[in-house]
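Student: Below is work-v6.txt; it holds compact mmCIF, N, CA and C atoms.
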```
# COMPACT_ATOMS: atom_id res chain seq x y z
N MET A 12 45.34 -24.48 -50.31
CA MET A 12 44.20 -23.80 -49.70
C MET A 12 43.44 -24.74 -48.78
N MET A 13 43.26 -25.98 -49.22
CA MET A 13 42.47 -26.93 -48.42
C MET A 13 43.13 -27.25 -47.08
N PRO A 14 44.45 -27.45 -47.01
CA PRO A 14 45.06 -27.70 -45.69
C PRO A 14 44.87 -26.53 -44.73
N LEU A 15 44.88 -25.31 -45.27
CA LEU A 15 44.67 -24.14 -44.41
C LEU A 15 43.26 -24.12 -43.83
N VAL A 16 42.27 -24.44 -44.66
CA VAL A 16 40.88 -24.49 -44.19
C VAL A 16 40.71 -25.59 -43.15
N LEU A 17 41.32 -26.74 -43.40
CA LEU A 17 41.22 -27.85 -42.44
C LEU A 17 41.91 -27.50 -41.13
N ALA A 18 43.08 -26.88 -41.20
CA ALA A 18 43.79 -26.47 -39.98
C ALA A 18 42.98 -25.44 -39.21
N ALA A 19 42.34 -24.51 -39.92
CA ALA A 19 41.51 -23.50 -39.24
C ALA A 19 40.30 -24.17 -38.58
N ALA A 20 39.69 -25.13 -39.26
CA ALA A 20 38.54 -25.83 -38.69
C ALA A 20 38.94 -26.60 -37.44
N ILE A 21 40.10 -27.27 -37.49
CA ILE A 21 40.57 -28.01 -36.31
C ILE A 21 40.86 -27.03 -35.17
N GLY A 22 41.45 -25.89 -35.49
CA GLY A 22 41.74 -24.90 -34.46
C GLY A 22 40.48 -24.32 -33.84
N VAL A 23 39.49 -24.00 -34.67
CA VAL A 23 38.24 -23.44 -34.15
C VAL A 23 37.51 -24.47 -33.28
N LEU A 24 37.48 -25.72 -33.72
CA LEU A 24 36.83 -26.77 -32.92
C LEU A 24 37.54 -26.95 -31.59
N THR A 25 38.87 -26.95 -31.61
CA THR A 25 39.62 -27.13 -30.37
C THR A 25 39.42 -25.94 -29.43
N ALA A 26 39.50 -24.73 -29.98
CA ALA A 26 39.34 -23.54 -29.13
C ALA A 26 37.93 -23.49 -28.53
N SER A 27 36.92 -23.79 -29.35
CA SER A 27 35.55 -23.80 -28.84
C SER A 27 35.37 -24.88 -27.78
N GLY A 28 35.98 -26.04 -28.01
CA GLY A 28 35.88 -27.13 -27.05
C GLY A 28 36.52 -26.79 -25.72
N VAL A 29 37.69 -26.18 -25.78
CA VAL A 29 38.37 -25.80 -24.53
C VAL A 29 37.57 -24.72 -23.80
N TRP A 30 37.04 -23.75 -24.56
CA TRP A 30 36.23 -22.69 -23.92
C TRP A 30 35.00 -23.30 -23.24
N LEU A 31 34.33 -24.22 -23.91
CA LEU A 31 33.16 -24.85 -23.30
C LEU A 31 33.55 -25.76 -22.14
N LEU A 32 34.71 -26.38 -22.23
CA LEU A 32 35.18 -27.26 -21.15
C LEU A 32 35.40 -26.49 -19.86
N LEU A 33 35.72 -25.21 -19.97
CA LEU A 33 35.98 -24.40 -18.79
C LEU A 33 34.73 -23.73 -18.24
N ARG A 34 33.56 -24.00 -18.81
CA ARG A 34 32.30 -23.41 -18.35
C ARG A 34 31.83 -24.15 -17.09
N PRO A 35 30.96 -23.50 -16.29
CA PRO A 35 30.55 -24.12 -15.02
C PRO A 35 29.41 -25.12 -15.14
N ARG A 36 28.78 -25.23 -16.29
CA ARG A 36 27.63 -26.14 -16.43
C ARG A 36 28.07 -27.46 -17.05
N THR A 37 27.53 -28.56 -16.56
CA THR A 37 27.97 -29.88 -17.03
C THR A 37 27.61 -30.14 -18.48
N PHE A 38 26.46 -29.64 -18.94
CA PHE A 38 26.10 -29.85 -20.35
C PHE A 38 27.10 -29.17 -21.27
N GLN A 39 27.54 -27.98 -20.91
CA GLN A 39 28.55 -27.28 -21.71
C GLN A 39 29.87 -28.04 -21.71
N VAL A 40 30.22 -28.66 -20.59
CA VAL A 40 31.45 -29.46 -20.52
C VAL A 40 31.35 -30.65 -21.47
N ILE A 41 30.20 -31.29 -21.51
CA ILE A 41 30.02 -32.45 -22.40
C ILE A 41 30.11 -32.03 -23.86
N ILE A 42 29.49 -30.91 -24.22
CA ILE A 42 29.57 -30.41 -25.59
C ILE A 42 31.02 -30.05 -25.93
N GLY A 43 31.75 -29.47 -24.98
CA GLY A 43 33.16 -29.14 -25.20
C GLY A 43 34.00 -30.38 -25.45
N LEU A 44 33.75 -31.44 -24.68
CA LEU A 44 34.47 -32.69 -24.90
C LEU A 44 34.15 -33.26 -26.28
N SER A 45 32.90 -33.14 -26.70
CA SER A 45 32.53 -33.64 -28.02
C SER A 45 33.24 -32.85 -29.12
N LEU A 46 33.31 -31.54 -28.98
CA LEU A 46 33.99 -30.73 -29.99
C LEU A 46 35.48 -31.06 -30.06
N ILE A 47 36.10 -31.29 -28.91
CA ILE A 47 37.52 -31.66 -28.91
C ILE A 47 37.71 -33.02 -29.57
N SER A 48 36.79 -33.94 -29.33
CA SER A 48 36.93 -35.26 -29.96
C SER A 48 36.76 -35.14 -31.48
N TYR A 49 35.87 -34.26 -31.94
CA TYR A 49 35.74 -34.05 -33.39
C TYR A 49 37.02 -33.46 -33.97
N ALA A 50 37.62 -32.52 -33.24
CA ALA A 50 38.87 -31.92 -33.71
C ALA A 50 39.98 -32.96 -33.80
N VAL A 51 40.06 -33.83 -32.80
CA VAL A 51 41.09 -34.89 -32.82
C VAL A 51 40.84 -35.84 -33.98
N ASN A 52 39.58 -36.18 -34.23
CA ASN A 52 39.26 -37.07 -35.35
C ASN A 52 39.65 -36.43 -36.68
N LEU A 53 39.37 -35.16 -36.84
CA LEU A 53 39.77 -34.48 -38.07
C LEU A 53 41.29 -34.45 -38.22
N PHE A 54 41.99 -34.23 -37.10
CA PHE A 54 43.44 -34.21 -37.14
C PHE A 54 44.00 -35.57 -37.54
N ILE A 55 43.47 -36.63 -36.94
CA ILE A 55 43.95 -37.98 -37.29
C ILE A 55 43.63 -38.28 -38.75
N PHE A 56 42.43 -37.94 -39.18
CA PHE A 56 42.03 -38.23 -40.56
C PHE A 56 42.87 -37.43 -41.55
N SER A 57 43.27 -36.22 -41.19
CA SER A 57 44.08 -35.41 -42.10
C SER A 57 45.49 -35.97 -42.25
N MET A 58 45.91 -36.84 -41.35
CA MET A 58 47.22 -37.46 -41.47
C MET A 58 47.31 -38.39 -42.68
N GLY A 59 46.15 -38.79 -43.22
CA GLY A 59 46.14 -39.64 -44.40
C GLY A 59 46.28 -38.85 -45.69
N ARG A 60 46.52 -37.58 -45.61
CA ARG A 60 46.69 -36.63 -46.72
C ARG A 60 45.33 -36.17 -47.25
N LEU A 61 45.33 -34.98 -47.81
CA LEU A 61 44.10 -34.37 -48.29
C LEU A 61 43.92 -34.48 -49.79
N ARG A 62 44.97 -34.77 -50.52
CA ARG A 62 44.88 -34.83 -51.97
C ARG A 62 44.28 -36.16 -52.40
N THR A 63 43.53 -36.12 -53.51
CA THR A 63 43.00 -37.36 -54.06
C THR A 63 44.02 -37.96 -55.02
N ALA A 64 43.99 -39.25 -55.14
CA ALA A 64 44.88 -40.01 -56.02
C ALA A 64 46.34 -39.76 -55.73
N ALA A 65 46.66 -39.43 -54.50
CA ALA A 65 48.05 -39.22 -54.09
C ALA A 65 48.54 -40.45 -53.36
N ALA A 66 49.82 -40.60 -53.36
CA ALA A 66 50.42 -41.75 -52.69
C ALA A 66 50.32 -41.60 -51.18
N PRO A 67 50.08 -42.68 -50.47
CA PRO A 67 50.11 -42.61 -49.01
C PRO A 67 51.54 -42.43 -48.53
N VAL A 68 51.68 -42.29 -47.24
CA VAL A 68 53.01 -42.11 -46.68
C VAL A 68 53.78 -43.42 -46.85
N THR A 69 54.70 -43.44 -47.77
CA THR A 69 55.46 -44.65 -48.06
C THR A 69 56.92 -44.29 -48.28
N ALA A 70 57.69 -45.31 -48.52
CA ALA A 70 59.10 -45.10 -48.81
C ALA A 70 59.25 -44.57 -50.23
N LYS A 71 60.40 -44.00 -50.52
CA LYS A 71 60.69 -43.45 -51.84
C LYS A 71 60.64 -44.59 -52.86
N GLY A 72 59.95 -44.35 -53.96
CA GLY A 72 59.86 -45.34 -55.02
C GLY A 72 58.60 -46.17 -54.97
N ALA A 73 57.81 -46.09 -53.92
CA ALA A 73 56.58 -46.87 -53.81
C ALA A 73 55.39 -45.92 -53.76
N GLU A 74 55.36 -44.90 -54.63
CA GLU A 74 54.32 -43.87 -54.58
C GLU A 74 53.06 -44.21 -55.37
N ASP A 75 52.97 -45.35 -56.01
CA ASP A 75 51.79 -45.69 -56.80
C ASP A 75 50.63 -46.02 -55.87
N PRO A 76 49.55 -45.18 -55.85
CA PRO A 76 48.45 -45.43 -54.92
C PRO A 76 47.68 -46.70 -55.24
N ALA A 77 47.79 -47.19 -56.45
CA ALA A 77 47.08 -48.42 -56.79
C ALA A 77 47.69 -49.64 -56.10
N LEU A 78 48.96 -49.54 -55.76
CA LEU A 78 49.64 -50.68 -55.14
C LEU A 78 49.52 -50.69 -53.63
N TYR A 79 49.23 -49.55 -53.06
CA TYR A 79 49.28 -49.47 -51.61
C TYR A 79 48.24 -48.49 -51.10
N ALA A 80 47.50 -48.86 -50.12
CA ALA A 80 46.56 -47.97 -49.45
C ALA A 80 46.76 -48.12 -47.96
N ASP A 81 46.76 -47.00 -47.26
CA ASP A 81 47.00 -47.03 -45.83
C ASP A 81 45.66 -46.94 -45.09
N PRO A 82 45.18 -48.04 -44.53
CA PRO A 82 43.89 -48.00 -43.83
C PRO A 82 44.01 -47.53 -42.38
N THR A 83 45.21 -47.24 -41.92
CA THR A 83 45.39 -46.89 -40.51
C THR A 83 44.62 -45.64 -40.09
N PRO A 84 44.67 -44.52 -40.85
CA PRO A 84 43.90 -43.34 -40.40
C PRO A 84 42.40 -43.60 -40.32
N GLN A 85 41.86 -44.33 -41.28
CA GLN A 85 40.43 -44.62 -41.23
C GLN A 85 40.08 -45.51 -40.03
N ALA A 86 40.92 -46.49 -39.75
CA ALA A 86 40.67 -47.37 -38.61
C ALA A 86 40.78 -46.60 -37.29
N LEU A 87 41.77 -45.71 -37.20
CA LEU A 87 41.92 -44.92 -35.98
C LEU A 87 40.73 -43.99 -35.77
N VAL A 88 40.28 -43.34 -36.84
CA VAL A 88 39.14 -42.42 -36.71
C VAL A 88 37.87 -43.18 -36.37
N LEU A 89 37.65 -44.33 -36.98
CA LEU A 89 36.46 -45.11 -36.66
C LEU A 89 36.47 -45.53 -35.19
N THR A 90 37.60 -45.97 -34.70
CA THR A 90 37.72 -46.35 -33.29
C THR A 90 37.49 -45.14 -32.39
N ALA A 91 38.05 -43.99 -32.76
CA ALA A 91 37.88 -42.78 -31.96
C ALA A 91 36.43 -42.33 -31.95
N ILE A 92 35.73 -42.45 -33.08
CA ILE A 92 34.32 -42.06 -33.14
C ILE A 92 33.49 -42.94 -32.22
N VAL A 93 33.73 -44.23 -32.23
CA VAL A 93 32.97 -45.15 -31.38
C VAL A 93 33.24 -44.86 -29.91
N ILE A 94 34.51 -44.65 -29.56
CA ILE A 94 34.85 -44.38 -28.17
C ILE A 94 34.26 -43.05 -27.72
N SER A 95 34.33 -42.01 -28.55
CA SER A 95 33.78 -40.71 -28.15
C SER A 95 32.26 -40.76 -28.04
N PHE A 96 31.60 -41.53 -28.90
CA PHE A 96 30.15 -41.68 -28.78
C PHE A 96 29.79 -42.37 -27.46
N ALA A 97 30.52 -43.42 -27.11
CA ALA A 97 30.24 -44.12 -25.85
C ALA A 97 30.50 -43.23 -24.65
N LEU A 98 31.59 -42.45 -24.70
CA LEU A 98 31.89 -41.55 -23.58
C LEU A 98 30.84 -40.45 -23.45
N THR A 99 30.37 -39.92 -24.58
CA THR A 99 29.33 -38.90 -24.53
C THR A 99 28.05 -39.46 -23.92
N ALA A 100 27.68 -40.68 -24.30
CA ALA A 100 26.48 -41.29 -23.72
C ALA A 100 26.66 -41.51 -22.22
N LEU A 101 27.85 -41.97 -21.82
CA LEU A 101 28.10 -42.17 -20.38
C LEU A 101 28.04 -40.85 -19.63
N PHE A 102 28.64 -39.80 -20.18
CA PHE A 102 28.61 -38.50 -19.52
C PHE A 102 27.19 -37.95 -19.41
N LEU A 103 26.37 -38.17 -20.45
CA LEU A 103 24.99 -37.70 -20.38
C LEU A 103 24.21 -38.42 -19.28
N VAL A 104 24.45 -39.71 -19.11
CA VAL A 104 23.78 -40.46 -18.04
C VAL A 104 24.24 -39.93 -16.68
N VAL A 105 25.54 -39.69 -16.53
CA VAL A 105 26.05 -39.15 -15.27
C VAL A 105 25.48 -37.76 -15.02
N LEU A 106 25.37 -36.94 -16.09
CA LEU A 106 24.79 -35.60 -15.95
C LEU A 106 23.35 -35.68 -15.46
N LEU A 107 22.56 -36.56 -16.06
CA LEU A 107 21.16 -36.68 -15.66
C LEU A 107 21.04 -37.19 -14.22
N ALA A 108 21.89 -38.14 -13.83
CA ALA A 108 21.86 -38.64 -12.46
C ALA A 108 22.26 -37.56 -11.48
N SER A 109 23.29 -36.78 -11.83
CA SER A 109 23.74 -35.71 -10.95
C SER A 109 22.68 -34.63 -10.82
N ARG A 110 22.04 -34.29 -11.93
CA ARG A 110 20.98 -33.28 -11.88
C ARG A 110 19.80 -33.76 -11.06
N GLY A 111 19.46 -35.03 -11.19
CA GLY A 111 18.37 -35.57 -10.36
C GLY A 111 18.73 -35.62 -8.89
N GLU A 112 20.01 -35.87 -8.60
CA GLU A 112 20.45 -35.96 -7.21
C GLU A 112 20.54 -34.59 -6.54
N THR A 113 21.12 -33.63 -7.25
CA THR A 113 21.38 -32.33 -6.63
C THR A 113 20.39 -31.25 -7.04
N GLY A 114 19.69 -31.43 -8.16
CA GLY A 114 18.76 -30.41 -8.64
C GLY A 114 19.45 -29.29 -9.37
N SER A 115 20.73 -29.46 -9.69
CA SER A 115 21.49 -28.42 -10.38
C SER A 115 22.39 -29.07 -11.41
N ASP A 116 22.71 -28.34 -12.48
CA ASP A 116 23.67 -28.86 -13.45
C ASP A 116 25.00 -28.14 -13.35
N HIS A 117 25.23 -27.48 -12.23
CA HIS A 117 26.52 -26.82 -11.99
C HIS A 117 27.55 -27.91 -11.70
N VAL A 118 28.80 -27.70 -12.10
CA VAL A 118 29.80 -28.77 -12.00
C VAL A 118 30.06 -29.22 -10.57
N ASP A 119 29.92 -28.33 -9.59
CA ASP A 119 30.12 -28.75 -8.20
C ASP A 119 28.81 -29.02 -7.49
N GLY A 120 27.70 -29.00 -8.20
CA GLY A 120 26.41 -29.34 -7.61
C GLY A 120 25.73 -28.22 -6.87
N GLN A 121 26.35 -27.04 -6.81
CA GLN A 121 25.75 -25.92 -6.10
C GLN A 121 25.68 -24.73 -7.03
N GLU A 122 24.56 -24.07 -7.02
CA GLU A 122 24.42 -22.84 -7.81
C GLU A 122 25.19 -21.73 -7.13
N PRO A 123 25.86 -20.89 -7.94
CA PRO A 123 26.60 -19.77 -7.32
C PRO A 123 25.63 -18.78 -6.66
N ALA A 124 26.06 -18.21 -5.55
CA ALA A 124 25.26 -17.23 -4.83
C ALA A 124 25.20 -15.94 -5.63
N GLU A 125 24.01 -15.35 -5.67
CA GLU A 125 23.86 -14.09 -6.42
C GLU A 125 23.66 -12.95 -5.48
```
Mind turning the file's structure into structure tokens?
Tutor:
Amino acid sequence: MMPLVLAAAIGVLTASGVWLLLRPRTFQVIIGLSLISYAVNLFIFSMGRLRTAAAPVTAKGAEDPALYADPTPQALVLTAIVISFALTALFLVVLLASRGETGSDHVDGQEPAE
């Protein structure tokens, strides 16, 4: 049951992120990128398995979790979190500069004609 819930959460985050990424406003694009980065982090973290006290991905015969722990998923997710936070901050600064320069938060700098 838990893998199904996690897969659904990753799917919803990805779909919402892509939908927001295709919106015409820059703030929505930034939120969409953040949602996609959260989905990727969940996907990478789920590669370490969802069960507690289970053996990590190892060769046959080395399934004792007390002997071996795989820190790779945690290290990858921590690195991805730091990089996505830095990119979000950079995008917000670019958004504010663009809005100050053009007076609009539309992705091409011009409001659509009504």
Student: By how many Å are atom C of Ile55 in chain A and atom C of Pro84 in chain A apart?
Tutor: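 If I compute the distance from atom C of Ile55 in chain A to atom C of Pro84 in chain A, I get 5.7 Å.
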Student: What is the CA of Phe56 in chain A to atom N of Ala100 in chain A distance in Å?
Tutor: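 It comes out at 21.8 Å.
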Student: Residues at most 12 Å from Pro123 in chain A, counting only C-alpha atoms, excluding those fewer than 6 positions away in the same chain, as a list in words?
Tutor: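 Once the nearby chain positions are removed, what remains is Pro35, Arg36, Ser115, Asp116 and His117 of chain A.
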Student: Next, write the just-selected residues to a file, as an mmCIF file, in the frame of the given file, keeping N, CA and C atoms as the atom set.
Tutor:
```cif
data_model
loop_
_atom_site.group_PDB
_atom_site.id
_atom_site.type_symbol
_atom_site.label_atom_id
_atom_site.label_comp_id
_atom_site.auth_asym_id
_atom_site.auth_seq_id
_atom_site.Cartn_x
_atom_site.Cartn_y
_atom_site.Cartn_z
ATOM 1 N N PRO A 35 30.960 -23.500 -16.290
ATOM 2 C CA PRO A 35 30.550 -24.120 -15.020
ATOM 3 C C PRO A 35 29.410 -25.120 -15.140
ATOM 4 N N ARG A 36 28.780 -25.230 -16.290
ATOM 5 C CA ARG A 36 27.630 -26.140 -16.430
ATOM 6 C C ARG A 36 28.070 -27.460 -17.050
ATOM 7 N N SER A 115 20.730 -29.460 -9.690
ATOM 8 C CA SER A 115 21.490 -28.420 -10.380
ATOM 9 C C SER A 115 22.390 -29.070 -11.410
ATOM 10 N N ASP A 116 22.710 -28.340 -12.480
ATOM 11 C CA ASP A 116 23.670 -28.860 -13.450
ATOM 12 C C ASP A 116 25.000 -28.140 -13.350
ATOM 13 N N HIS A 117 25.230 -27.480 -12.230
ATOM 14 C CA HIS A 117 26.520 -26.820 -11.990
ATOM 15 C C HIS A 117 27.550 -27.910 -11.700
#
```
Student: List the neighbours of Leu24 in chain A out to 7 Å using only N, CA and C atoms; skip same-chain residues closer than 2 positions along the sequence, and give me the result as JSON, numbers by chain.
Tutor: {"A": [19, 20, 21, 22, 26, 27, 28, 29, 46, 47, 49, 50]}
Student: Write the residues of the selection above to a file with N, CA and C atoms, as a short mmCIF file (atom, residue, chain, number, x, y, z; two decimals), in the coordinates of the input.
Tutor:
```
data_model
loop_
_atom_site.label_atom_id
_atom_site.label_comp_id
_atom_site.auth_asym_id
_atom_site.auth_seq_id
_atom_site.Cartn_x
_atom_site.Cartn_y
_atom_site.Cartn_z
N ALA A 19 42.34 -24.51 -39.92
CA ALA A 19 41.51 -23.50 -39.24
C ALA A 19 40.30 -24.17 -38.58
N ALA A 20 39.69 -25.13 -39.26
CA ALA A 20 38.54 -25.83 -38.69
C ALA A 20 38.94 -26.60 -37.44
N ILE A 21 40.10 -27.27 -37.49
CA ILE A 21 40.57 -28.01 -36.31
C ILE A 21 40.86 -27.03 -35.17
N GLY A 22 41.45 -25.89 -35.49
CA GLY A 22 41.74 -24.90 -34.46
C GLY A 22 40.48 -24.32 -33.84
N ALA A 26 39.50 -24.73 -29.98
CA ALA A 26 39.34 -23.54 -29.13
C ALA A 26 37.93 -23.49 -28.53
N SER A 27 36.92 -23.79 -29.35
CA SER A 27 35.55 -23.80 -28.84
C SER A 27 35.37 -24.88 -27.78
N GLY A 28 35.98 -26.04 -28.01
CA GLY A 28 35.88 -27.13 -27.05
C GLY A 28 36.52 -26.79 -25.72
N VAL A 29 37.69 -26.18 -25.78
CA VAL A 29 38.37 -25.80 -24.53
C VAL A 29 37.57 -24.72 -23.80
N LEU A 46 33.31 -31.54 -28.98
CA LEU A 46 33.99 -30.73 -29.99
C LEU A 46 35.48 -31.06 -30.06
N ILE A 47 36.10 -31.29 -28.91
CA ILE A 47 37.52 -31.66 -28.91
C ILE A 47 37.71 -33.02 -29.57
N TYR A 49 35.87 -34.26 -31.94
CA TYR A 49 35.74 -34.05 -33.39
C TYR A 49 37.02 -33.46 -33.97
N ALA A 50 37.62 -32.52 -33.24
CA ALA A 50 38.87 -31.92 -33.71
C ALA A 50 39.98 -32.96 -33.80
#
```
Student: What gap, in Å, lies between CA of Gln39 in chain A and CA of Val118 in chain A?
Tutor: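 If I compute the distance from CA of Gln39 in chain A to CA of Val118 in chain A, I get 9.9 Å.
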Student: Could you rebuild range 32-44 of chain A with N, CA, C and O atoms and give me the result as a PDB file, keeping the file's coordinate frame?
Tutor:
```
ATOM      1  N   LEU A  32      34.710 -26.380 -22.230  1.00  0.00           N
ATOM      2  CA  LEU A  32      35.180 -27.260 -21.150  1.00  0.00           C
ATOM      3  C   LEU A  32      35.400 -26.490 -19.860  1.00  0.00           C
ATOM      4  O   LEU A  32      35.266 -27.034 -18.765  1.00  0.00           O
ATOM      5  N   LEU A  33      35.720 -25.210 -19.970  1.00  0.00           N
ATOM      6  CA  LEU A  33      35.980 -24.400 -18.790  1.00  0.00           C
ATOM      7  C   LEU A  33      34.730 -23.730 -18.240  1.00  0.00           C
ATOM      8  O   LEU A  33      34.808 -22.935 -17.304  1.00  0.00           O
ATOM      9  N   ARG A  34      33.560 -24.000 -18.810  1.00  0.00           N
ATOM     10  CA  ARG A  34      32.300 -23.410 -18.350  1.00  0.00           C
ATOM     11  C   ARG A  34      31.830 -24.150 -17.090  1.00  0.00           C
ATOM     12  O   ARG A  34      32.194 -25.301 -16.855  1.00  0.00           O
ATOM     13  N   PRO A  35      30.960 -23.500 -16.290  1.00  0.00           N
ATOM     14  CA  PRO A  35      30.550 -24.120 -15.020  1.00  0.00           C
ATOM     15  C   PRO A  35      29.410 -25.120 -15.140  1.00  0.00           C
ATOM     16  O   PRO A  35      29.088 -25.773 -14.153  1.00  0.00           O
ATOM     17  N   ARG A  36      28.780 -25.230 -16.290  1.00  0.00           N
ATOM     18  CA  ARG A  36      27.630 -26.140 -16.430  1.00  0.00           C
ATOM     19  C   ARG A  36      28.070 -27.460 -17.050  1.00  0.00           C
ATOM     20  O   ARG A  36      28.886 -27.487 -17.984  1.00  0.00           O
ATOM     21  N   THR A  37      27.530 -28.560 -16.560  1.00  0.00           N
ATOM     22  CA  THR A  37      27.970 -29.880 -17.030  1.00  0.00           C
ATOM     23  C   THR A  37      27.610 -30.140 -18.480  1.00  0.00           C
ATOM     24  O   THR A  37      28.358 -30.800 -19.191  1.00  0.00           O
ATOM     25  N   PHE A  38      26.460 -29.640 -18.940  1.00  0.00           N
ATOM     26  CA  PHE A  38      26.100 -29.850 -20.350  1.00  0.00           C
ATOM     27  C   PHE A  38      27.100 -29.170 -21.270  1.00  0.00           C
ATOM     28  O   PHE A  38      27.488 -29.727 -22.303  1.00  0.00           O
ATOM     29  N   GLN A  39      27.540 -27.980 -20.910  1.00  0.00           N
ATOM     30  CA  GLN A  39      28.550 -27.280 -21.710  1.00  0.00           C
ATOM     31  C   GLN A  39      29.870 -28.040 -21.710  1.00  0.00           C
ATOM     32  O   GLN A  39      30.571 -28.089 -22.723  1.00  0.00           O
ATOM     33  N   VAL A  40      30.220 -28.660 -20.590  1.00  0.00           N
ATOM     34  CA  VAL A  40      31.450 -29.460 -20.520  1.00  0.00           C
ATOM     35  C   VAL A  40      31.350 -30.650 -21.470  1.00  0.00           C
ATOM     36  O   VAL A  40      32.306 -30.978 -22.182  1.00  0.00           O
ATOM     37  N   ILE A  41      30.200 -31.290 -21.510  1.00  0.00           N
ATOM     38  CA  ILE A  41      30.020 -32.450 -22.400  1.00  0.00           C
ATOM     39  C   ILE A  41      30.110 -32.030 -23.860  1.00  0.00           C
ATOM     40  O   ILE A  41      30.753 -32.689 -24.676  1.00  0.00           O
ATOM     41  N   ILE A  42      29.490 -30.910 -24.220  1.00  0.00           N
ATOM     42  CA  ILE A  42      29.570 -30.410 -25.590  1.00  0.00           C
ATOM     43  C   ILE A  42      31.020 -30.050 -25.930  1.00  0.00           C
ATOM     44  O   ILE A  42      31.502 -30.310 -27.029  1.00  0.00           O
ATOM     45  N   GLY A  43      31.750 -29.470 -24.980  1.00  0.00           N
ATOM     46  CA  GLY A  43      33.160 -29.140 -25.200  1.00  0.00           C
ATOM     47  C   GLY A  43      34.000 -30.380 -25.450  1.00  0.00           C
ATOM     48  O   GLY A  43      34.851 -30.400 -26.334  1.00  0.00           O
ATOM     49  N   LEU A  44      33.750 -31.440 -24.680  1.00  0.00           N
ATOM     50  CA  LEU A  44      34.470 -32.690 -24.900  1.00  0.00           C
ATOM     51  C   LEU A  44      34.150 -33.260 -26.280  1.00  0.00           C
ATOM     52  O   LEU A  44      35.040 -33.802 -26.960  1.00  0.00           O
TER      53      LEU A  44
END
```
